[in-house]
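Enquirer: To be precise about what I am sending: the file is called upload05.cif and holds mmCIF, C-alpha atoms and all ligand atoms.
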```cif
data_query
#
loop_
_atom_site.group_PDB
_atom_site.id
_atom_site.type_symbol
_atom_site.label_atom_id
_atom_site.label_comp_id
_atom_site.auth_asym_id
_atom_site.auth_seq_id
_atom_site.Cartn_x
_atom_site.Cartn_y
_atom_site.Cartn_z
ATOM 1 C CA MET A 1 0.000 0.000 0.000
ATOM 2 C CA THR A 2 1.381 3.376 -0.992
ATOM 3 C CA LEU A 3 0.287 6.952 -0.462
ATOM 4 C CA THR A 4 -0.765 7.085 -4.112
ATOM 5 C CA GLN A 5 -3.025 4.051 -3.622
ATOM 6 C CA LEU A 6 -4.526 5.565 -0.459
ATOM 7 C CA GLN A 7 -5.186 8.780 -2.365
ATOM 8 C CA LYS A 8 -6.936 6.759 -5.104
ATOM 9 C CA LEU A 9 -9.188 5.119 -2.493
ATOM 10 C CA LYS A 10 -10.346 8.591 -1.429
ATOM 11 C CA GLU A 11 -10.956 9.595 -5.024
ATOM 12 C CA LYS A 12 -12.996 6.425 -5.670
ATOM 13 C CA GLY A 13 -14.971 6.939 -2.440
ATOM 14 C CA GLU A 14 -13.738 3.615 -1.013
ATOM 15 C CA LYS A 15 -13.353 3.737 2.760
ATOM 16 C CA ILE A 16 -9.844 3.296 4.191
ATOM 17 C CA THR A 17 -9.196 1.011 7.174
ATOM 18 C CA CYS A 18 -6.554 1.703 9.806
ATOM 19 C CA LEU A 19 -5.775 0.070 13.164
ATOM 20 C CA THR A 20 -3.058 0.597 15.710
ATOM 21 C CA ALA A 21 -0.349 -2.067 16.071
ATOM 22 C CA TYR A 22 2.509 -2.251 18.515
ATOM 23 C CA ASP A 23 4.203 -5.606 17.824
ATOM 24 C CA ALA A 24 5.063 -8.022 15.023
ATOM 25 C CA SER A 25 2.445 -10.685 15.804
ATOM 26 C CA PHE A 26 -0.540 -8.341 15.689
ATOM 27 C CA ALA A 27 0.937 -6.469 12.721
ATOM 28 C CA HIS A 28 1.054 -9.777 10.838
ATOM 29 C CA ILE A 29 -2.591 -10.618 11.679
ATOM 30 C CA LEU A 30 -3.836 -7.139 10.705
ATOM 31 C CA ASP A 31 -1.817 -7.103 7.508
ATOM 32 C CA GLU A 32 -3.050 -10.581 6.477
ATOM 33 C CA ALA A 33 -6.635 -9.446 7.091
ATOM 34 C CA GLY A 34 -6.135 -6.597 4.605
ATOM 35 C CA ILE A 35 -5.951 -3.499 6.824
ATOM 36 C CA GLU A 36 -4.624 -0.690 4.624
ATOM 37 C CA ILE A 37 -2.811 1.380 7.278
ATOM 38 C CA LEU A 38 -1.018 0.267 10.449
ATOM 39 C CA LEU A 39 -0.496 3.046 12.987
ATOM 40 C CA VAL A 40 2.133 2.618 15.673
ATOM 41 C CA GLY A 41 0.265 4.989 17.961
ATOM 42 C CA ASP A 42 1.713 6.541 21.077
ATOM 43 C CA SER A 43 -1.476 5.142 22.649
ATOM 44 C CA LEU A 44 0.973 2.315 23.396
ATOM 45 C CA GLY A 45 1.958 4.422 26.407
ATOM 46 C CA MET A 46 -1.476 3.682 27.863
ATOM 47 C CA VAL A 47 -2.503 0.276 26.481
ATOM 48 C CA VAL A 48 0.923 -1.435 26.477
ATOM 49 C CA GLN A 49 3.017 0.441 29.047
ATOM 50 C CA GLY A 50 0.202 1.163 31.522
ATOM 51 C CA HIS A 51 0.655 4.939 31.854
ATOM 52 C CA ASP A 52 -2.423 7.118 32.302
ATOM 53 C CA SER A 53 -1.532 9.340 29.328
ATOM 54 C CA THR A 54 0.678 9.240 26.217
ATOM 55 C CA LEU A 55 3.072 11.848 27.630
ATOM 56 C CA PRO A 56 5.786 9.536 29.048
ATOM 57 C CA VAL A 57 6.385 7.762 25.702
ATOM 58 C CA THR A 58 9.872 8.371 24.281
ATOM 59 C CA ILE A 59 11.281 8.406 20.764
ATOM 60 C CA ASP A 60 13.252 5.231 21.585
ATOM 61 C CA ASP A 61 10.003 3.505 22.655
ATOM 62 C CA MET A 62 8.410 4.437 19.316
ATOM 63 C CA ILE A 63 11.408 3.211 17.312
ATOM 64 C CA TYR A 64 11.417 -0.065 19.275
ATOM 65 C CA HIS A 65 7.708 -0.765 18.598
ATOM 66 C CA CYS A 66 7.778 0.517 15.014
ATOM 67 C CA LYS A 67 10.622 -1.888 14.142
ATOM 68 C CA GLN A 68 8.575 -4.795 15.517
ATOM 69 C CA VAL A 69 5.484 -3.789 13.552
ATOM 70 C CA SER A 70 7.560 -3.349 10.409
ATOM 71 C CA ARG A 71 8.894 -6.922 10.776
ATOM 72 C CA GLY A 72 5.348 -8.336 10.976
ATOM 73 C CA ASN A 73 4.009 -6.245 8.109
ATOM 74 C CA GLN A 74 4.157 -6.918 4.375
ATOM 75 C CA GLN A 75 1.524 -4.808 2.596
ATOM 76 C CA ALA A 76 0.033 -2.172 4.876
ATOM 77 C CA PHE A 77 1.188 1.455 4.879
ATOM 78 C CA LEU A 78 3.095 2.074 8.118
ATOM 79 C CA ILE A 79 2.593 5.304 10.078
ATOM 80 C CA VAL A 80 4.292 6.059 13.394
ATOM 81 C CA ASP A 81 3.415 8.683 15.990
ATOM 82 C CA MET A 82 6.024 11.232 16.985
ATOM 83 C CA PRO A 83 5.800 11.259 20.803
ATOM 84 C CA PHE A 84 5.283 14.230 23.137
ATOM 85 C CA MET A 85 7.915 16.986 22.718
ATOM 86 C CA SER A 86 9.830 15.086 20.011
ATOM 87 C CA TYR A 87 8.697 17.663 17.410
ATOM 88 C CA ALA A 88 8.313 20.814 19.517
ATOM 89 C CA ILE A 89 10.970 22.623 17.428
ATOM 90 C CA PRO A 90 11.382 22.070 13.651
ATOM 91 C CA GLU A 91 15.072 21.016 13.762
ATOM 92 C CA ILE A 92 14.419 18.521 16.571
ATOM 93 C CA ALA A 93 11.406 17.220 14.648
ATOM 94 C CA LEU A 94 13.554 16.621 11.571
ATOM 95 C CA LYS A 95 16.165 14.690 13.542
ATOM 96 C CA ASN A 96 13.583 12.525 15.339
ATOM 97 C CA ALA A 97 11.419 11.942 12.247
ATOM 98 C CA ALA A 98 14.528 10.807 10.343
ATOM 99 C CA ARG A 99 15.248 8.266 13.128
ATOM 100 C CA LEU A 100 11.653 6.943 12.996
ATOM 101 C CA MET A 101 11.956 6.460 9.229
ATOM 102 C CA ALA A 102 15.514 5.063 9.131
ATOM 103 C CA GLU A 103 15.668 3.030 12.369
ATOM 104 C CA GLY A 104 11.933 2.399 12.900
ATOM 105 C CA GLU A 105 11.292 1.661 9.202
ATOM 106 C CA ALA A 106 8.138 3.800 9.166
ATOM 107 C CA GLN A 107 6.729 5.200 5.923
ATOM 108 C CA MET A 108 5.159 8.300 7.469
ATOM 109 C CA VAL A 109 5.219 10.208 10.761
ATOM 110 C CA LYS A 110 2.145 11.573 12.564
ATOM 111 C CA LEU A 111 2.154 14.873 14.460
ATOM 112 C CA GLU A 112 -0.552 16.304 16.714
ATOM 113 C CA GLY A 113 -1.381 19.971 16.288
ATOM 114 C CA GLY A 114 -2.584 22.813 14.071
ATOM 115 C CA ALA A 115 -1.196 26.090 12.764
ATOM 116 C CA TRP A 116 1.946 26.043 14.935
ATOM 117 C CA LEU A 117 3.118 22.922 13.040
ATOM 118 C CA LEU A 118 3.039 24.360 9.515
ATOM 119 C CA GLU A 119 6.761 25.143 9.333
ATOM 120 C CA THR A 120 7.628 21.653 10.630
ATOM 121 C CA VAL A 121 5.297 19.903 8.165
ATOM 122 C CA GLN A 122 6.884 21.824 5.298
ATOM 123 C CA LEU A 123 10.419 21.098 6.540
ATOM 124 C CA LEU A 124 9.784 17.335 6.829
ATOM 125 C CA THR A 125 7.865 16.880 3.584
ATOM 126 C CA GLU A 126 10.397 18.894 1.556
ATOM 127 C CA ARG A 127 13.054 16.480 2.829
ATOM 128 C CA GLY A 128 11.104 13.385 1.818
ATOM 129 C CA ILE A 129 9.395 12.527 5.102
ATOM 130 C CA PRO A 130 5.631 12.141 4.544
ATOM 131 C CA VAL A 131 3.468 13.639 7.284
ATOM 132 C CA CYS A 132 0.100 12.646 8.726
ATOM 133 C CA ALA A 133 -1.463 15.548 10.649
ATOM 134 C CA HIS A 134 -3.722 14.954 13.693
ATOM 135 C CA LEU A 135 -6.398 17.479 14.718
ATOM 136 C CA GLY A 136 -9.359 17.606 17.107
ATOM 137 C CA LEU A 137 -8.713 15.813 20.374
ATOM 138 C CA THR A 138 -4.924 15.647 20.458
ATOM 139 C CA PRO A 139 -4.122 13.403 23.467
ATOM 140 C CA GLN A 140 -0.606 14.831 23.962
ATOM 141 C CA SER A 141 -2.313 18.140 24.887
ATOM 142 C CA VAL A 142 -4.753 16.508 27.318
ATOM 143 C CA HIS A 143 -3.778 18.809 30.202
ATOM 144 C CA GLN A 144 -4.126 21.935 28.074
ATOM 145 C CA LEU A 145 -7.487 20.705 26.716
ATOM 146 C CA GLY A 146 -8.740 19.982 30.239
ATOM 147 C CA GLY A 147 -9.409 16.286 29.599
ATOM 148 C CA TYR A 148 -10.334 13.920 26.793
ATOM 149 C CA ARG A 149 -13.174 15.993 25.333
ATOM 150 C CA VAL A 150 -14.921 16.452 22.005
ATOM 151 C CA GLN A 151 -13.355 19.372 20.090
ATOM 152 C CA GLY A 152 -14.878 21.865 17.615
ATOM 153 C CA ARG A 153 -18.333 22.093 19.154
ATOM 154 C CA ASP A 154 -18.524 25.896 19.127
ATOM 155 C CA GLU A 155 -18.306 28.094 16.055
ATOM 156 C CA ILE A 156 -14.857 29.551 16.784
ATOM 157 C CA SER A 157 -13.122 26.235 17.443
ATOM 158 C CA ALA A 158 -14.907 24.586 14.495
ATOM 159 C CA GLU A 159 -13.645 27.331 12.192
ATOM 160 C CA ARG A 160 -10.129 26.993 13.621
ATOM 161 C CA LEU A 161 -10.148 23.244 12.966
ATOM 162 C CA GLN A 162 -11.357 23.748 9.401
ATOM 163 C CA ASN A 163 -8.677 26.404 8.735
ATOM 164 C CA ASP A 164 -5.922 24.313 10.346
ATOM 165 C CA ALA A 165 -6.867 21.308 8.201
ATOM 166 C CA ILE A 166 -6.648 23.326 4.986
ATOM 167 C CA ALA A 167 -3.355 24.930 6.045
ATOM 168 C CA LEU A 168 -1.788 21.571 6.997
ATOM 169 C CA GLU A 169 -2.700 20.118 3.615
ATOM 170 C CA ALA A 170 -1.200 23.182 1.897
ATOM 171 C CA ALA A 171 1.996 22.788 3.993
ATOM 172 C CA GLY A 172 2.420 19.231 2.680
ATOM 173 C CA ALA A 173 0.523 16.817 4.963
ATOM 174 C CA SER A 174 -0.686 13.777 2.974
ATOM 175 C CA ILE A 175 -3.164 12.313 5.487
ATOM 176 C CA LEU A 176 -5.199 13.881 8.303
ATOM 177 C CA VAL A 177 -6.444 12.070 11.410
ATOM 178 C CA LEU A 178 -9.481 13.763 13.001
ATOM 179 C CA GLU A 179 -10.215 12.667 16.545
ATOM 180 C CA CYS A 180 -13.402 13.350 18.543
ATOM 181 C CA VAL A 181 -15.084 16.058 16.530
ATOM 182 C CA PRO A 182 -18.791 16.394 15.694
ATOM 183 C CA SER A 183 -19.754 14.279 12.667
ATOM 184 C CA LYS A 184 -21.077 17.251 10.669
ATOM 185 C CA LEU A 185 -17.842 19.213 11.072
ATOM 186 C CA ALA A 186 -15.738 16.142 10.219
ATOM 187 C CA ALA A 187 -17.814 15.615 7.064
ATOM 188 C CA GLU A 188 -17.251 19.248 6.023
ATOM 189 C CA ILE A 189 -13.499 19.037 6.639
ATOM 190 C CA THR A 190 -13.306 15.720 4.736
ATOM 191 C CA LYS A 191 -15.085 17.256 1.756
ATOM 192 C CA SER A 192 -12.888 20.351 1.736
ATOM 193 C CA LEU A 193 -9.575 18.424 1.583
ATOM 194 C CA ASN A 194 -7.991 16.484 -1.278
ATOM 195 C CA ILE A 195 -5.990 14.265 1.101
ATOM 196 C CA PRO A 196 -7.583 11.271 2.913
ATOM 197 C CA VAL A 197 -9.155 12.068 6.283
ATOM 198 C CA ILE A 198 -9.171 9.191 8.773
ATOM 199 C CA GLY A 199 -11.617 9.591 11.641
ATOM 200 C CA ILE A 200 -11.789 8.288 15.192
ATOM 201 C CA GLY A 201 -14.912 9.460 16.988
ATOM 202 C CA ALA A 202 -15.510 11.735 13.980
ATOM 203 C CA GLY A 203 -18.509 10.138 12.298
ATOM 204 C CA VAL A 204 -19.031 7.918 9.299
ATOM 205 C CA ASP A 205 -18.378 10.497 6.578
ATOM 206 C CA CYS A 206 -14.592 10.595 6.934
ATOM 207 C CA ASP A 207 -12.614 8.848 4.165
ATOM 208 C CA GLY A 208 -11.589 6.096 6.574
ATOM 209 C CA GLN A 209 -11.622 4.971 10.197
ATOM 210 C CA VAL A 210 -8.996 4.137 12.792
ATOM 211 C CA LEU A 211 -9.412 2.425 16.166
ATOM 212 C CA VAL A 212 -7.029 1.474 18.922
ATOM 213 C CA LEU A 213 -6.627 -2.298 18.462
ATOM 214 C CA TYR A 214 -7.016 -3.015 22.186
ATOM 215 C CA ASP A 215 -10.417 -1.217 22.197
ATOM 216 C CA LEU A 216 -11.583 -3.268 19.204
ATOM 217 C CA LEU A 217 -10.544 -6.476 20.995
ATOM 218 C CA GLY A 218 -12.177 -5.499 24.290
ATOM 219 C CA ILE A 219 -8.853 -5.512 26.177
ATOM 220 C CA THR A 220 -9.036 -1.866 27.305
ATOM 221 C CA ASP A 221 -10.454 -1.447 30.805
ATOM 222 C CA LYS A 222 -12.560 1.663 30.132
ATOM 223 C CA PRO A 223 -12.862 1.986 26.331
ATOM 224 C CA PRO A 224 -13.969 5.326 24.859
ATOM 225 C CA SER A 225 -17.626 5.619 23.786
ATOM 226 C CA PHE A 226 -16.671 5.994 20.104
ATOM 227 C CA SER A 227 -14.950 2.593 19.997
ATOM 228 C CA LYS A 228 -16.564 -0.817 19.522
ATOM 229 C CA ASN A 229 -15.641 -4.265 20.792
ATOM 230 C CA PHE A 230 -15.733 -6.336 17.586
ATOM 231 C CA LEU A 231 -14.414 -9.471 19.355
ATOM 232 C CA GLN A 232 -17.592 -9.805 21.410
ATOM 233 C CA GLU A 233 -19.767 -10.508 18.380
ATOM 234 C CA THR A 234 -17.262 -12.569 16.386
ATOM 235 C CA GLY A 235 -15.322 -14.799 18.796
ATOM 236 C CA SER A 236 -11.860 -14.731 17.210
ATOM 237 C CA ILE A 237 -9.241 -12.037 16.673
ATOM 238 C CA LYS A 238 -9.132 -12.665 12.930
ATOM 239 C CA ALA A 239 -12.938 -12.529 12.603
ATOM 240 C CA ALA A 240 -13.091 -9.361 14.730
ATOM 241 C CA ILE A 241 -10.632 -7.585 12.446
ATOM 242 C CA GLU A 242 -12.441 -8.769 9.333
ATOM 243 C CA ALA A 243 -15.732 -7.549 10.845
ATOM 244 C CA PHE A 244 -14.158 -4.122 11.466
ATOM 245 C CA ILE A 245 -12.943 -3.967 7.859
ATOM 246 C CA MET A 246 -16.375 -4.907 6.467
ATOM 247 C CA ALA A 247 -18.204 -2.487 8.780
ATOM 248 C CA VAL A 248 -15.931 0.404 7.743
ATOM 249 C CA LYS A 249 -16.004 -0.460 4.025
ATOM 250 C CA ASN A 250 -19.839 -0.613 4.104
ATOM 251 C CA ALA A 251 -20.108 2.588 6.180
ATOM 252 C CA ARG A 252 -21.813 0.652 8.994
ATOM 253 C CA PHE A 253 -19.156 1.749 11.497
ATOM 254 C CA PRO A 254 -19.132 4.170 13.215
ATOM 255 C CA GLY A 255 -22.858 4.324 13.934
ATOM 256 C CA VAL A 256 -24.502 7.349 15.556
ATOM 257 C CA GLU A 257 -23.913 5.719 18.944
ATOM 258 C CA HIS A 258 -20.125 5.935 18.260
ATOM 259 C CA SER A 259 -20.274 9.544 17.001
ATOM 260 C CA PHE A 260 -20.788 13.049 18.381
ATOM 261 C CA GLU A 261 -23.145 15.900 17.495
HETATM 262 O O1 LIG A 301 -1.969 6.994 19.401
HETATM 263 C C1 LIG A 301 -2.929 6.557 18.751
HETATM 264 O O2 LIG A 301 -3.294 5.386 18.819
HETATM 265 C C2 LIG A 301 -3.637 7.495 17.887
HETATM 266 C C3 LIG A 301 -4.978 7.075 17.365
HETATM 267 C C4 LIG A 301 -5.959 7.099 18.460
HETATM 268 C C5 LIG A 301 -5.409 7.887 16.216
HETATM 269 O O3 LIG A 301 -3.171 8.561 17.637
#
```
Once you've parsed the file, please lay out its structure as structure tokens.

Expert:
Amino acid sequence: MTLTQLQKLKEKGEKITCLTAYDASFAHILDEAGIEILLVGDSLGMVVQGHDSTLPVTIDDMIYHCKQVSRGNQQAFLIVDMPFMSYAIPEIALKNAARLMAEGEAQMVKLEGGAWLLETVQLLTERGIPVCAHLGLTPQSVHQLGGYRVQGRDEISAERLQNDAIALEAAGASILVLECVPSKLAAEITKSLNIPVIGIGAGVDCDGQVLVLYDLLGITDKPPSFSKNFLQETGSIKAAIEAFIMAVKNARFPGVEHSFE
């Protein structure tokens, strides 16, 4: 799977499937099932390492897990999160992103944030490092946001999200993740961009969907309301992942009960 192929899926209106992976065994299962994007999310800080936020995750942690996922993967496009503070300054971002690509064997890096990231996105993409932007609920800013809350509910913040999305695409971002935003706003942002928009808690009208694998498998203690335990209704890991793929491809997931107004 390449960026060009992902772009074609958006153009054809075919939904894109993405799940998080943190090790080679799960990466292999997800890849075999036909997931198009594997995301080595810094959510690993919570679901694998047991922290109560993603903030303690280091660049070495991300390289370690990304390498494992890369070994288990054959076809899927591989995105890795840049952890907290590893991209706070453009030059530091370039150095750390280069390590994630060269040592971690990622194909793209993901950064959380809006307008303040434009210079960094341009710097990375001009040097051959593809960038996935992440807007809405950005978990690395949980303390600034005052908790894990839906973003873009009022007119001013909705407009800021829309403008940030357009500016990030113009700066060179090739994919956008939108987390926890009202479905109507996510649909408008998705329509206004040429690049694929992957939603999580952002309604069914995004170009694709991502979930944290441990939420999908019912491992997470207190899963977020926008996630769904696909293992419960299928009985095997393989069947649960296939059910997720089918539900996303047929626009049956997320339902209104997994979305926000
Ligand atoms: O870290 C992560 O798993 C993520 C997804 C929730 C999008 O960023």

Enquirer: For chain A versus ligand LIG 301 (chain A), which residues have an atom no more than 6 Å away, and what is each residue's nearest atom pair and distance in Å rounded to one decimal, using all atoms listed in the file, chain-then-number order, as a Markdown table?

Expert:
```
| residue | atom | partner | partner_atom | distance |
| --- | --- | --- | --- | --- |
| A:Thr20 | CA | A:LIG301 | O2 | 5.7 |
| A:Gly41 | CA | A:LIG301 | O1 | 3.3 |
| A:Asp42 | CA | A:LIG301 | O1 | 4.1 |
| A:Ser43 | CA | A:LIG301 | O1 | 3.8 |
| A:Val212 | CA | A:LIG301 | O2 | 5.4 |
```

Enquirer: At a cut-off of 8 Å, using all atoms listed in the file, what residues contact Gln151 of chain A? Leave out same-chain residues fewer than 4 positions from it and give the result as a ChimeraX atom specification.

Expert: /A:136-137,157-158,180-182

Enquirer: Report, in Å with one decimal, the straight-line distance from atom CA of Asn96 of chain A to atom CA of Met82 of chain A.

Expert: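 Computing the Euclidean distance for atom CA of Asn96 of chain A and atom CA of Met82 of chain A yields 7.8 Å.
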
Enquirer: Using the chain letters and numbers from the file, which residues does the PyMOL selection byres (((chain A and resi 250) around 12) and not hetatm) grab, as a PDB file with C-alpha atoms, keeping the file's coordinate frame?

Expert:
```pdb
ATOM      1  CA  GLY A  13     -14.971   6.939  -2.440  1.00  0.00           C
ATOM      2  CA  GLU A  14     -13.738   3.615  -1.013  1.00  0.00           C
ATOM      3  CA  LYS A  15     -13.353   3.737   2.760  1.00  0.00           C
ATOM      4  CA  ILE A  16      -9.844   3.296   4.191  1.00  0.00           C
ATOM      5  CA  THR A  17      -9.196   1.011   7.174  1.00  0.00           C
ATOM      6  CA  VAL A 204     -19.031   7.918   9.299  1.00  0.00           C
ATOM      7  CA  ASP A 205     -18.378  10.497   6.578  1.00  0.00           C
ATOM      8  CA  ASP A 207     -12.614   8.848   4.165  1.00  0.00           C
ATOM      9  CA  GLY A 208     -11.589   6.096   6.574  1.00  0.00           C
ATOM     10  CA  GLN A 209     -11.622   4.971  10.197  1.00  0.00           C
ATOM     11  CA  ALA A 243     -15.732  -7.549  10.845  1.00  0.00           C
ATOM     12  CA  PHE A 244     -14.158  -4.122  11.466  1.00  0.00           C
ATOM     13  CA  ILE A 245     -12.943  -3.967   7.859  1.00  0.00           C
ATOM     14  CA  MET A 246     -16.375  -4.907   6.467  1.00  0.00           C
ATOM     15  CA  ALA A 247     -18.204  -2.487   8.780  1.00  0.00           C
ATOM     16  CA  VAL A 248     -15.931   0.404   7.743  1.00  0.00           C
ATOM     17  CA  LYS A 249     -16.004  -0.460   4.025  1.00  0.00           C
ATOM     18  CA  ALA A 251     -20.108   2.588   6.180  1.00  0.00           C
ATOM     19  CA  ARG A 252     -21.813   0.652   8.994  1.00  0.00           C
ATOM     20  CA  PHE A 253     -19.156   1.749  11.497  1.00  0.00           C
ATOM     21  CA  PRO A 254     -19.132   4.170  13.215  1.00  0.00           C
ATOM     22  CA  GLY A 255     -22.858   4.324  13.934  1.00  0.00           C
TER      23      GLY A 255
END
```

Enquirer: I'd like to know which of A:Glu169, A:Ala106, A:Val47, A:Gly199 is closest to Pro223 of chain A, using all atoms listed in the file.

Expert: A:Val47

Enquirer: Have a look at atom CA of Gly201 of chain A and atom CA of Arg71 of chain A and let me know their distance in Å, one decimal.

Expert: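 Atom CA of Arg71 of chain A lies 29.6 Å from atom CA of Gly201 of chain A.
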
Enquirer: Can you measure atom CA of Glu119 of chain A to atom CA of Gly172 of chain A for me? One decimal in Å is fine.

Expert: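 Value for the atom CA of Glu119 of chain A-atom CA of Gly172 of chain A distance: 9.9 Å.
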
Enquirer: Using the chain letters and residue numbers of this document, give as an MDAnalysis selection string the residues selected by the PyMOL selection byres (((chain A and resi 226-233) around 9) and not hetatm).

Expert: chainID A and resid 180 200:202 211:212 214:219 223:225 234:241 243:244 253:255 257:260

Enquirer: Those selected residues, please, written with C-alpha atoms and delivered as a short mmCIF file (atom, residue, chain, number, x, y, z; two decimals), in the frame of the given file.

Expert:
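File produced: again-v1.cif:
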```
data_model
loop_
_atom_site.label_atom_id
_atom_site.label_comp_id
_atom_site.auth_asym_id
_atom_site.auth_seq_id
_atom_site.Cartn_x
_atom_site.Cartn_y
_atom_site.Cartn_z
CA CYS A 180 -13.40 13.35 18.54
CA ILE A 200 -11.79 8.29 15.19
CA GLY A 201 -14.91 9.46 16.99
CA ALA A 202 -15.51 11.74 13.98
CA LEU A 211 -9.41 2.42 16.17
CA VAL A 212 -7.03 1.47 18.92
CA TYR A 214 -7.02 -3.02 22.19
CA ASP A 215 -10.42 -1.22 22.20
CA LEU A 216 -11.58 -3.27 19.20
CA LEU A 217 -10.54 -6.48 21.00
CA GLY A 218 -12.18 -5.50 24.29
CA ILE A 219 -8.85 -5.51 26.18
CA PRO A 223 -12.86 1.99 26.33
CA PRO A 224 -13.97 5.33 24.86
CA SER A 225 -17.63 5.62 23.79
CA THR A 234 -17.26 -12.57 16.39
CA GLY A 235 -15.32 -14.80 18.80
CA SER A 236 -11.86 -14.73 17.21
CA ILE A 237 -9.24 -12.04 16.67
CA LYS A 238 -9.13 -12.66 12.93
CA ALA A 239 -12.94 -12.53 12.60
CA ALA A 240 -13.09 -9.36 14.73
CA ILE A 241 -10.63 -7.58 12.45
CA ALA A 243 -15.73 -7.55 10.84
CA PHE A 244 -14.16 -4.12 11.47
CA PHE A 253 -19.16 1.75 11.50
CA PRO A 254 -19.13 4.17 13.22
CA GLY A 255 -22.86 4.32 13.93
CA GLU A 257 -23.91 5.72 18.94
CA HIS A 258 -20.12 5.94 18.26
CA SER A 259 -20.27 9.54 17.00
CA PHE A 260 -20.79 13.05 18.38
#
```
